[in-house]
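*Asks:* What follows is protein-v7.csv, CSV, C-alpha atoms and all ligand atoms.
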```csv
chain,number,residue,atom,x,y,z
A,1,MET,CA,0.0,0.0,0.0
A,2,SER,CA,1.3,3.5,-0.6
A,3,LEU,CA,0.3,7.0,0.2
A,4,ALA,CA,0.2,9.0,-2.9
A,5,GLN,CA,3.2,11.4,-3.1
A,6,ASP,CA,1.0,14.3,-4.0
A,7,GLU,CA,-1.3,13.9,-1.1
A,8,THR,CA,-1.1,17.3,0.7
A,9,TRP,CA,-1.1,15.8,4.2
A,10,PHE,CA,2.6,15.9,4.6
A,11,ASP,CA,3.5,18.5,2.0
A,12,ASP,CA,3.2,21.6,4.1
A,13,ASP,CA,5.1,20.0,7.0
A,14,ALA,CA,8.1,22.2,7.2
A,15,GLY,CA,6.2,25.2,8.3
A,16,ARG,CA,3.7,23.3,10.3
A,17,LEU,CA,5.9,21.4,12.6
A,18,VAL,CA,7.1,22.6,16.0
A,19,ARG,CA,10.7,23.2,15.9
A,20,PRO,CA,12.6,23.1,19.1
A,21,TYR,CA,12.8,26.5,20.8
A,22,THR,CA,10.1,28.0,18.5
A,23,VAL,CA,7.2,26.3,20.2
A,24,SER,CA,4.9,29.3,20.0
A,25,ASN,CA,4.9,29.2,16.2
A,26,GLY,CA,4.0,25.5,15.9
A,27,ARG,CA,2.0,22.8,17.4
A,28,THR,CA,2.8,21.8,20.9
A,29,LYS,CA,0.1,19.2,21.2
A,30,PRO,CA,0.1,15.8,19.6
A,31,SER,CA,-3.3,14.9,18.0
A,32,PHE,CA,-3.9,12.3,20.8
A,33,HIS,CA,-2.4,11.5,24.1
A,34,LEU,CA,1.0,9.8,24.1
A,35,ASP,CA,2.7,8.8,27.3
A,36,LEU,CA,6.5,8.9,27.8
A,37,LEU,CA,6.2,5.1,27.9
A,38,SER,CA,3.7,4.6,25.1
A,39,ILE,CA,5.2,2.0,22.8
A,40,VAL,CA,5.2,2.7,19.0
A,41,ALA,CA,6.0,0.4,16.2
A,42,ALA,CA,6.1,0.8,12.4
A,43,THR,CA,3.3,-0.8,10.5
A,44,GLY,CA,5.3,-1.1,7.3
A,45,GLN,CA,2.4,0.7,5.4
A,46,ILE,CA,4.3,3.9,4.7
A,47,ARG,CA,7.8,4.2,3.4
A,48,GLN,CA,10.3,6.8,4.8
A,49,ALA,CA,10.7,8.3,1.4
A,50,GLN,CA,7.1,9.4,1.4
A,51,LEU,CA,7.6,11.5,4.5
A,52,SER,CA,9.2,14.8,5.5
A,53,LEU,CA,12.8,14.4,6.8
A,54,ASP,CA,11.8,14.7,10.5
A,55,HIS,CA,9.0,12.2,10.1
A,56,ALA,CA,11.1,9.8,8.2
A,57,GLN,CA,13.8,10.0,10.8
A,58,ALA,CA,11.3,9.3,13.6
A,59,LEU,CA,9.8,6.4,11.6
A,60,GLY,CA,13.3,4.9,11.0
A,61,LEU,CA,13.7,4.4,14.8
A,62,CYS,CA,10.5,2.5,15.1
A,63,HIS,CA,11.1,-0.7,13.2
A,64,HIS,CA,10.9,-2.6,16.5
A,65,PRO,CA,8.5,-1.6,19.3
A,66,VAL,CA,10.2,1.3,21.1
A,67,SER,CA,9.1,3.8,23.8
A,68,VAL,CA,8.3,7.4,23.0
A,69,VAL,CA,11.0,8.7,25.3
A,70,GLU,CA,13.6,6.6,23.6
A,71,VAL,CA,12.6,7.9,20.2
A,72,SER,CA,12.9,11.4,21.7
A,73,ALA,CA,16.4,10.8,23.0
A,74,HIS,CA,17.6,9.3,19.8
A,75,LEU,CA,16.1,12.2,17.7
A,76,ARG,CA,17.6,14.7,20.2
A,77,LEU,CA,14.3,16.5,20.1
A,78,PRO,CA,12.3,17.5,23.1
A,79,VAL,CA,9.6,15.1,24.2
A,80,THR,CA,6.8,17.4,23.2
A,81,VAL,CA,8.1,17.8,19.7
A,82,THR,CA,8.7,14.0,19.4
A,83,LYS,CA,5.1,13.4,20.4
A,84,VAL,CA,3.8,15.6,17.7
A,85,LEU,CA,5.9,13.8,15.1
A,86,LEU,CA,4.8,10.4,16.3
A,87,SER,CA,1.2,11.3,16.5
A,88,ASP,CA,1.4,12.4,12.9
A,89,LEU,CA,2.9,9.1,12.0
A,90,VAL,CA,0.1,7.2,13.8
A,91,ASP,CA,-2.5,9.4,12.1
A,92,CYS,CA,-1.2,8.5,8.6
A,93,GLY,CA,-1.0,4.8,9.4
A,94,ALA,CA,2.8,4.6,9.5
A,95,LEU,CA,2.9,3.6,13.2
A,96,THR,CA,0.8,1.9,15.8
A,97,ALA,CA,0.9,3.1,19.4
A,98,HIS,CA,0.1,1.3,22.5
A,99,SER,CA,-0.5,3.1,25.8
A,100,PRO,CA,1.3,1.8,28.9
A,101,ASP,CA,-0.4,-1.2,30.5
A,102,PRO,CA,-3.0,0.1,33.0
A,103,ALA,CA,-2.2,-3.0,35.1
A,104,ALA,CA,1.2,-1.4,35.9
A,105,ASP,CA,-0.1,0.3,39.0
A,106,PRO,CA,1.4,0.4,42.4
A,107,THR,CA,-1.2,-1.8,44.0
A,108,ASN,CA,-0.6,-4.7,41.6
A,109,ARG,CA,1.1,-7.3,43.9
A,110,ASN,CA,2.0,-9.7,41.1
A,111,LEU,CA,3.7,-7.0,39.2
A,112,LEU,CA,5.6,-5.7,42.2
A,113,GLU,CA,6.7,-9.3,43.0
A,114,ALA,CA,7.9,-9.8,39.4
A,115,LEU,CA,9.8,-6.5,39.7
A,116,LEU,CA,11.4,-7.6,43.0
A,117,ASP,CA,12.5,-10.9,41.6
A,118,GLY,CA,14.0,-9.3,38.5
A,119,LEU,CA,15.9,-6.8,40.6
A,120,GLN,CA,17.1,-9.3,43.1
A,121,ARG,CA,18.5,-11.4,40.3
A,122,ARG,CA,20.7,-8.5,39.3
A,123,LEU,CA,22.2,-8.0,42.8
B,124,MET,CA,13.9,-4.3,7.2
B,125,ALA,CA,11.9,-5.7,10.0
B,126,TYR,CA,8.5,-4.2,10.6
B,127,SER,CA,6.2,-4.9,13.4
B,128,ASP,CA,3.3,-6.9,12.0
B,129,GLY,CA,1.6,-7.2,15.3
B,130,SER,CA,3.3,-10.5,16.1
B,131,GLU,CA,6.1,-8.8,18.0
B,132,PRO,CA,4.9,-8.5,21.5
B,133,PHE,CA,4.5,-5.1,23.2
B,134,PRO,CA,6.3,-5.3,26.5
B,135,THR,CA,4.8,-4.1,29.8
B,136,ALA,CA,6.7,-0.9,30.6
B,137,ILE,CA,6.9,0.1,34.3
B,138,LYS,CA,8.4,3.2,35.7
B,139,LEU,CA,10.3,4.4,38.7
B,140,VAL,CA,11.5,7.9,39.3
B,141,ILE,CA,14.7,9.1,40.8
B,142,ALA,CA,14.4,12.6,42.2
B,143,GLY,CA,16.9,14.9,43.9
B,144,GLY,CA,18.7,18.2,43.8
B,145,PHE,CA,21.4,19.3,41.5
B,146,GLY,CA,24.5,17.1,41.5
B,147,VAL,CA,23.1,14.6,44.0
B,148,GLY,CA,23.9,11.6,41.7
B,149,LYS,CA,20.7,11.0,39.7
B,150,THR,CA,22.4,10.5,36.4
B,151,THR,CA,25.1,8.3,38.1
B,152,PHE,CA,22.4,6.2,39.8
B,153,VAL,CA,20.4,5.7,36.6
B,154,GLY,CA,23.6,4.8,34.7
B,155,SER,CA,24.7,2.3,37.2
B,156,VAL,CA,21.6,0.2,37.0
B,157,SER,CA,20.6,0.7,33.4
B,158,GLU,CA,21.4,-1.7,30.6
B,159,ILE,CA,21.6,1.3,28.2
B,160,GLY,CA,22.8,4.9,28.3
B,161,PRO,CA,21.8,6.6,30.4
B,162,LEU,CA,19.9,8.4,27.7
B,163,SER,CA,18.9,12.0,28.1
B,164,THR,CA,16.1,14.0,26.7
B,165,GLU,CA,14.4,17.2,27.5
B,166,GLU,CA,10.9,18.6,28.1
B,167,ILE,CA,9.9,22.1,27.1
B,168,LEU,CA,8.4,24.4,29.5
B,169,THR,CA,5.4,25.6,27.6
B,170,SER,CA,2.9,28.3,28.5
B,171,ALA,CA,0.4,25.5,29.1
B,172,SER,CA,2.7,24.1,31.7
B,173,ILE,CA,3.0,27.1,33.9
B,174,GLY,CA,0.3,29.5,32.7
B,175,ALA,CA,0.8,32.0,29.8
B,176,ASP,CA,1.5,35.0,32.0
B,177,ASP,CA,4.7,33.4,33.3
B,178,LEU,CA,6.2,33.2,29.9
B,179,ASP,CA,5.5,36.8,29.0
B,180,GLY,CA,8.9,38.0,30.2
B,181,LEU,CA,10.7,35.4,28.1
B,182,GLY,CA,10.2,36.9,24.7
B,183,ASP,CA,8.9,35.2,21.6
B,184,LYS,CA,11.5,32.5,21.0
B,185,SER,CA,12.7,31.7,24.4
B,186,THR,CA,11.6,28.5,26.0
B,187,THR,CA,12.9,26.8,29.0
B,188,THR,CA,13.8,23.1,28.8
B,189,VAL,CA,14.5,20.7,31.5
B,190,ALA,CA,16.7,17.6,31.0
B,191,MET,CA,15.7,14.2,32.2
B,192,ASP,CA,17.8,11.1,32.2
B,193,PHE,CA,16.4,7.7,31.8
B,194,GLY,CA,17.6,4.1,31.7
B,195,ARG,CA,16.1,0.8,31.1
B,196,ILE,CA,16.3,-2.7,32.6
B,197,THR,CA,14.8,-5.6,30.8
B,198,LEU,CA,13.6,-7.8,33.8
B,199,GLU,CA,11.9,-10.3,31.7
B,200,PRO,CA,11.4,-10.4,27.9
B,201,ARG,CA,8.0,-8.8,28.4
B,202,LEU,CA,8.6,-6.7,31.5
B,203,VAL,CA,10.8,-3.6,31.1
B,204,LEU,CA,11.6,-1.2,33.9
B,205,TYR,CA,12.3,2.4,33.0
B,206,LEU,CA,14.1,4.7,35.5
B,207,PHE,CA,13.7,8.4,35.1
B,208,GLY,CA,16.0,10.8,36.8
B,209,ALA,CA,14.9,14.4,37.1
B,210,PRO,CA,15.5,17.5,39.2
B,211,GLY,CA,13.1,17.7,42.1
B,212,GLN,CA,13.0,21.4,42.8
B,213,GLU,CA,9.6,22.9,42.9
B,214,ARG,CA,10.1,25.0,39.7
B,215,PHE,CA,10.4,21.7,37.7
B,216,TRP,CA,7.1,20.4,39.0
B,217,PHE,CA,5.5,21.1,35.6
B,218,MET,CA,7.1,17.9,34.3
B,219,TRP,CA,6.7,15.9,37.4
B,220,ASP,CA,3.0,15.2,36.7
B,221,GLU,CA,3.9,13.5,33.5
B,222,LEU,CA,7.0,11.8,35.0
B,223,SER,CA,5.1,10.4,37.9
B,224,ALA,CA,1.9,9.5,36.1
B,225,GLY,CA,1.8,5.7,36.3
B,226,ALA,CA,5.0,5.5,38.3
B,227,LEU,CA,5.1,2.6,40.7
B,228,GLY,CA,7.3,4.5,43.1
B,229,ALA,CA,10.2,6.8,43.6
B,230,VAL,CA,13.6,7.3,45.1
B,231,VAL,CA,14.5,10.6,46.6
B,232,MET,CA,18.2,11.0,46.6
B,233,ALA,CA,19.7,13.2,49.3
B,234,ASP,CA,23.1,14.7,49.6
B,235,THR,CA,24.0,15.1,53.3
B,236,ARG,CA,25.8,18.4,52.4
B,237,ARG,CA,22.5,19.8,51.1
B,238,LEU,CA,19.7,17.9,52.6
B,239,GLU,CA,17.3,20.8,52.1
B,240,ASP,CA,17.5,20.2,48.3
B,241,SER,CA,15.4,17.1,48.9
B,242,PHE,CA,12.5,18.7,50.7
B,243,SER,CA,10.4,19.6,47.7
B,244,ALA,CA,10.7,16.1,46.2
B,245,VAL,CA,9.6,14.6,49.5
B,246,ASP,CA,6.7,17.0,49.6
B,247,TYR,CA,5.7,16.2,46.0
B,248,PHE,CA,5.6,12.5,46.4
B,249,GLU,CA,3.7,12.8,49.8
B,250,ARG,CA,1.1,15.0,48.2
B,251,HIS,CA,0.7,12.8,45.2
B,252,ASP,CA,0.6,9.6,47.3
B,253,ILE,CA,3.5,8.0,45.5
B,254,GLY,CA,5.5,5.6,47.6
B,255,PHE,CA,9.1,6.5,48.0
B,256,VAL,CA,12.3,5.8,49.9
B,257,VAL,CA,15.1,8.2,50.6
B,258,ALA,CA,18.6,7.2,49.5
B,259,VAL,CA,21.4,9.1,51.2
B,260,ASN,CA,24.2,9.3,48.7
B,261,GLU,CA,27.3,9.6,50.8
B,262,PHE,CA,29.9,11.8,49.2
B,263,ASP,CA,33.6,11.6,50.2
B,264,GLY,CA,34.4,14.1,52.9
B,265,SER,CA,30.8,14.8,53.8
B,266,TYR,CA,29.6,14.5,57.3
B,267,ARG,CA,28.3,11.0,57.9
B,268,TYR,CA,24.7,11.2,59.0
B,269,GLU,CA,22.9,8.4,60.6
B,270,PRO,CA,19.7,7.5,58.8
B,271,ASP,CA,17.7,8.7,61.7
B,272,GLU,CA,19.3,12.1,61.6
B,273,VAL,CA,18.3,12.3,57.9
B,274,ARG,CA,14.8,11.3,58.8
B,275,GLY,CA,14.6,14.0,61.4
B,276,ALA,CA,16.1,16.6,59.2
B,277,LEU,CA,13.7,15.8,56.3
B,278,ASP,CA,10.8,15.4,58.8
B,279,LEU,CA,9.9,12.0,57.2
B,280,LYS,CA,7.0,9.9,58.4
B,281,PRO,CA,8.3,7.0,60.5
B,282,HIS,CA,7.4,4.3,57.9
B,283,ILE,CA,9.4,5.8,55.1
B,284,PRO,CA,12.7,3.9,54.6
B,285,VAL,CA,16.0,5.8,54.6
B,286,VAL,CA,18.9,3.9,53.1
B,287,LEU,CA,22.5,4.7,52.5
B,288,CYS,CA,23.8,4.2,49.0
B,289,ASP,CA,26.7,4.8,46.6
B,290,ALA,CA,25.1,5.6,43.3
B,291,ARG,CA,28.3,4.7,41.5
B,292,GLN,CA,28.0,1.1,42.5
B,293,ARG,CA,25.5,-1.0,40.6
B,294,ARG,CA,24.9,-3.4,43.5
B,295,SER,CA,24.3,-0.5,45.9
B,296,ALA,CA,22.0,1.3,43.5
B,297,THR,CA,20.1,-1.9,42.7
B,298,GLY,CA,19.8,-2.5,46.4
B,299,VAL,CA,18.0,0.8,46.8
B,300,LEU,CA,15.5,-0.3,44.2
B,301,VAL,CA,15.0,-3.6,45.9
B,302,GLY,CA,14.4,-1.7,49.1
B,303,LEU,CA,11.9,0.5,47.4
B,304,VAL,CA,9.9,-2.4,45.9
B,305,GLN,CA,9.9,-4.2,49.3
B,306,TYR,CA,8.6,-1.1,50.8
B,307,LEU,CA,5.8,-0.8,48.2
B,308,LEU,CA,4.8,-4.4,48.8
B,309,SER,CA,4.7,-3.8,52.5
B,310,THR,CA,2.3,-0.8,52.0
B,311,ILE,CA,-0.2,-2.9,50.0
B,312,GLN,CA,0.1,-5.7,52.5
B,313,SER,CA,-0.9,-3.3,55.3
B,314,HIS,CA,-3.8,-1.8,53.3
B,315,PRO,CA,-5.3,-4.7,51.4
C,1,LIG,N1,31.3,9.9,46.4
C,1,LIG,C1,30.2,9.7,45.6
C,1,LIG,N2,30.1,10.5,44.5
C,1,LIG,C2,29.0,10.4,43.7
C,1,LIG,C3,28.0,9.5,44.0
C,1,LIG,N3,27.0,9.6,43.1
C,1,LIG,C4,27.4,10.5,42.2
C,1,LIG,N4,28.7,11.0,42.6
C,1,LIG,C5,29.5,12.0,41.8
C,1,LIG,O1,28.8,13.2,42.0
C,1,LIG,C6,28.8,14.0,40.7
C,1,LIG,C7,27.4,14.4,40.3
C,1,LIG,O2,26.7,13.2,39.9
C,1,LIG,P1,25.5,13.2,38.8
C,1,LIG,O3,25.1,11.8,38.7
C,1,LIG,O4,25.9,13.9,37.6
C,1,LIG,O5,24.4,14.1,39.6
C,1,LIG,P2,23.0,14.6,39.0
C,1,LIG,O6,22.1,14.5,40.2
C,1,LIG,O7,22.6,13.8,37.8
C,1,LIG,O8,23.4,16.1,38.7
C,1,LIG,P3,22.5,17.1,37.8
C,1,LIG,O9,21.9,16.4,36.7
C,1,LIG,O10,23.5,18.1,37.4
C,1,LIG,O11,21.5,17.7,38.8
C,1,LIG,C8,29.6,13.1,39.7
C,1,LIG,O12,30.9,13.6,39.7
C,1,LIG,C9,29.5,11.7,40.3
C,1,LIG,O13,30.6,10.9,40.0
C,1,LIG,C10,28.1,8.7,45.2
C,1,LIG,O14,27.3,7.9,45.6
C,1,LIG,N5,29.2,8.9,46.0
C,2,MG,MG,22.1,14.6,35.9
```
Would you give me this structure, written as structure tokens?
Ligand SMILES: Nc1nc2c(ncn2[C@@H]2O[C@H](COP(=O)(O)OP(=O)(O)OP(=O)(O)O)[C@@H](O)[C@H]2O)c(=O)[nH]1
Ligand SMILES: [Mg+2]
*Replies:*
Amino acid sequence: MSLAQDETWFDDDAGRLVRPYTVSNGRTKPSFHLDLLSIVAATGQIRQAQLSLDHAQALGLCHHPVSVVEVSAHLRLPVTVTKVLLSDLVDCGALTAHSPDPAADPTNRNLLEALLDGLQRRL
Amino acid sequence: MAYSDGSEPFPTAIKLVIAGGFGVGKTTFVGSVSEIGPLSTEEILTSASIGADDLDGLGDKSTTTVAMDFGRITLEPRLVLYLFGAPGQERFWFMWDELSAGALGAVVMADTRRLEDSFSAVDYFERHDIGFVVAVNEFDGSYRYEPDEVRGALDLKPHIPVVLCDARQRRSATGVLVGLVQYLLSTIQSHP
């Protein structure tokens, strides 16, 4: 499947994206909520060549499931900017995103025990 | 090129935060226990974070960013622990809500030369009901406090553990995390 090159969706990217340090001129909000630990992964539906440089670079880091915060560190872009890029990529079908497991809460005894075991093995 | 076709499992990501004042050893701690990095990224202080009025003095293009470090430990193939290190002072609280959302617990690092730097992190986690331990990072040549002296100085509730650590040592830092998780387990045991 391919996204037609002439589709306008990404064409006006350059001026539309939030650049670091010029936040007030761009978008500061992703189109949906992404957590620092949301996991994103490429769908393989959109090729990097079809995207703006920034989007292509972001997509290139997501061949395997990876957390939003790791993508941000590798892109050397602030988290807020990274989230905008990633939400664009989800919106156009290039990525899927999974929110953190809601079972990962501090009253989940099984989870805490698994965490304790895992840490103790590293002592 | 490998693409996720849905068959590659999404791991459960869990989060602990490491808070403390400048130079207390947060990056060192995260780096000692992490299997990567530590990596670093930053968050932008937007007008939405602090209220538009507060940005007025900064001019059009100025923004404030705050660095956070993080590391990762793969505990099981599908269970990945992330550790976030970030400054605890009150002026950075705009990013603490995001950092601590969904966090299982926290470590407040304290430097005995500047214990007062840890007050605001203690205050934050108490207010947000996030379980934490205090790790006293002993620097060479600093006065050796007893854990109870630190407890008194920080006005900690009696049930909050205070442990000594050397953030440079993987075993020591991992031991702090073990202590934190044991403490978190004890709190759910006492309030079932
Ligand atoms: N003696 C001793 N030195 C430490 C310990 N932990 C960190 N250090 C040293 O203290 C200095 C500061 O440590 P960092 O890990 O950079 O501290 P930080 O909290 O990340 O500092 P900022 O990000 O600047 O706030 C480094 O030179 C470390 O080597 C410790 O447990 N004992
Ligand atoms: Mg640091």
*Asks:* Check which residues of chain B sit at most 8 Å from ligand MG 2 (chain C) using only C-alpha atoms and all ligand atoms, and return one row each with the closest pair of atoms and their distance in Å to one decimal, ordered by chain and rising number, as JSON lines.
*Replies:*
```
{"residue": "B:Phe145", "atom": "CA", "partner": "C:MG2", "partner_atom": "MG", "distance": 7.3}
{"residue": "B:Gly146", "atom": "CA", "partner": "C:MG2", "partner_atom": "MG", "distance": 6.6}
{"residue": "B:Gly148", "atom": "CA", "partner": "C:MG2", "partner_atom": "MG", "distance": 6.8}
{"residue": "B:Lys149", "atom": "CA", "partner": "C:MG2", "partner_atom": "MG", "distance": 5.4}
{"residue": "B:Thr150", "atom": "CA", "partner": "C:MG2", "partner_atom": "MG", "distance": 4.1}
{"residue": "B:Thr151", "atom": "CA", "partner": "C:MG2", "partner_atom": "MG", "distance": 7.3}
{"residue": "B:Ala190", "atom": "CA", "partner": "C:MG2", "partner_atom": "MG", "distance": 7.9}
{"residue": "B:Met191", "atom": "CA", "partner": "C:MG2", "partner_atom": "MG", "distance": 7.4}
{"residue": "B:Asp192", "atom": "CA", "partner": "C:MG2", "partner_atom": "MG", "distance": 6.7}
{"residue": "B:Gly208", "atom": "CA", "partner": "C:MG2", "partner_atom": "MG", "distance": 7.2}
{"residue": "B:Ala209", "atom": "CA", "partner": "C:MG2", "partner_atom": "MG", "distance": 7.3}
{"residue": "B:Pro210", "atom": "CA", "partner": "C:MG2", "partner_atom": "MG", "distance": 7.9}
```
*Asks:* State, in Å with one decimal place, the distance from atom CA of Arg294 of chain B to atom CA of His282 of chain B.
*Replies:* 23.9 Å
*Asks:* What does the distance between atom CA of Pro30 of chain A and atom CA of Ser52 of chain A come to in Å, to one decimal place?
*Replies:* 16.8 Å
*Asks:* Using only C-alpha atoms and a distance of at most 8 Å, pull out the residues of chain A that contact chain B, as a PyMOL selection string.
*Replies:* chain A and resi 21-24+35-37+39+41-44+63-65+69-70+72-73+76-80+98+100-101+104-107+109+112-113+115-116+118-120+122-123
*Asks:* Mind writing the picked residues with C-alpha atoms as a PDB file, in the frame of the given file?
*Replies:*
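And here's selection31.pdb as it stands now:
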```pdb
ATOM      1  CA  TYR A  21      12.800  26.500  20.800  1.00  0.00           C
ATOM      2  CA  THR A  22      10.100  28.000  18.500  1.00  0.00           C
ATOM      3  CA  VAL A  23       7.200  26.300  20.200  1.00  0.00           C
ATOM      4  CA  SER A  24       4.900  29.300  20.000  1.00  0.00           C
ATOM      5  CA  ASP A  35       2.700   8.800  27.300  1.00  0.00           C
ATOM      6  CA  LEU A  36       6.500   8.900  27.800  1.00  0.00           C
ATOM      7  CA  LEU A  37       6.200   5.100  27.900  1.00  0.00           C
ATOM      8  CA  ILE A  39       5.200   2.000  22.800  1.00  0.00           C
ATOM      9  CA  ALA A  41       6.000   0.400  16.200  1.00  0.00           C
ATOM     10  CA  ALA A  42       6.100   0.800  12.400  1.00  0.00           C
ATOM     11  CA  THR A  43       3.300  -0.800  10.500  1.00  0.00           C
ATOM     12  CA  GLY A  44       5.300  -1.100   7.300  1.00  0.00           C
ATOM     13  CA  HIS A  63      11.100  -0.700  13.200  1.00  0.00           C
ATOM     14  CA  HIS A  64      10.900  -2.600  16.500  1.00  0.00           C
ATOM     15  CA  PRO A  65       8.500  -1.600  19.300  1.00  0.00           C
ATOM     16  CA  VAL A  69      11.000   8.700  25.300  1.00  0.00           C
ATOM     17  CA  GLU A  70      13.600   6.600  23.600  1.00  0.00           C
ATOM     18  CA  SER A  72      12.900  11.400  21.700  1.00  0.00           C
ATOM     19  CA  ALA A  73      16.400  10.800  23.000  1.00  0.00           C
ATOM     20  CA  ARG A  76      17.600  14.700  20.200  1.00  0.00           C
ATOM     21  CA  LEU A  77      14.300  16.500  20.100  1.00  0.00           C
ATOM     22  CA  PRO A  78      12.300  17.500  23.100  1.00  0.00           C
ATOM     23  CA  VAL A  79       9.600  15.100  24.200  1.00  0.00           C
ATOM     24  CA  THR A  80       6.800  17.400  23.200  1.00  0.00           C
ATOM     25  CA  HIS A  98       0.100   1.300  22.500  1.00  0.00           C
ATOM     26  CA  PRO A 100       1.300   1.800  28.900  1.00  0.00           C
ATOM     27  CA  ASP A 101      -0.400  -1.200  30.500  1.00  0.00           C
ATOM     28  CA  ALA A 104       1.200  -1.400  35.900  1.00  0.00           C
ATOM     29  CA  ASP A 105      -0.100   0.300  39.000  1.00  0.00           C
ATOM     30  CA  PRO A 106       1.400   0.400  42.400  1.00  0.00           C
ATOM     31  CA  THR A 107      -1.200  -1.800  44.000  1.00  0.00           C
ATOM     32  CA  ARG A 109       1.100  -7.300  43.900  1.00  0.00           C
ATOM     33  CA  LEU A 112       5.600  -5.700  42.200  1.00  0.00           C
ATOM     34  CA  GLU A 113       6.700  -9.300  43.000  1.00  0.00           C
ATOM     35  CA  LEU A 115       9.800  -6.500  39.700  1.00  0.00           C
ATOM     36  CA  LEU A 116      11.400  -7.600  43.000  1.00  0.00           C
ATOM     37  CA  GLY A 118      14.000  -9.300  38.500  1.00  0.00           C
ATOM     38  CA  LEU A 119      15.900  -6.800  40.600  1.00  0.00           C
ATOM     39  CA  GLN A 120      17.100  -9.300  43.100  1.00  0.00           C
ATOM     40  CA  ARG A 122      20.700  -8.500  39.300  1.00  0.00           C
ATOM     41  CA  LEU A 123      22.200  -8.000  42.800  1.00  0.00           C
TER      42      LEU A 123
END
```
*Asks:* Expressed in Å to a single decimal, how great is the separation between atom CA of Cys288 of chain B and atom CA of Ser241 of chain B?
*Replies:* 15.4 Å
*Asks:* Return the single residue from A:Ala103, A:Leu59, A:Ile46, A:Ala94 that is closest to Thr82 of chain A, with distances computed using only C-alpha atoms.
*Replies:* A:Leu59
*Asks:* Given the point (15.8, 5.7, 9.0) in the coordinates of this file, which residues lie within 12 Å, counting all atoms listed in the file, and how would they look as a PyMOL selection string?
*Replies:* (chain A and resi 42+47-49+51-63+71+74-75) or (chain B and resi 124)
*Asks:* Determine the nearest neighbour of ligand LIG 1 (chain C) from the options B:Arg274, B:Lys280, B:His251, B:Arg267, counting only C-alpha atoms and all ligand atoms.
*Replies:*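 Of B:Arg274, B:Lys280, B:His251, B:Arg267, the one nearest ligand LIG 1 (chain C), counting only C-alpha atoms and all ligand atoms, is B:Arg267.
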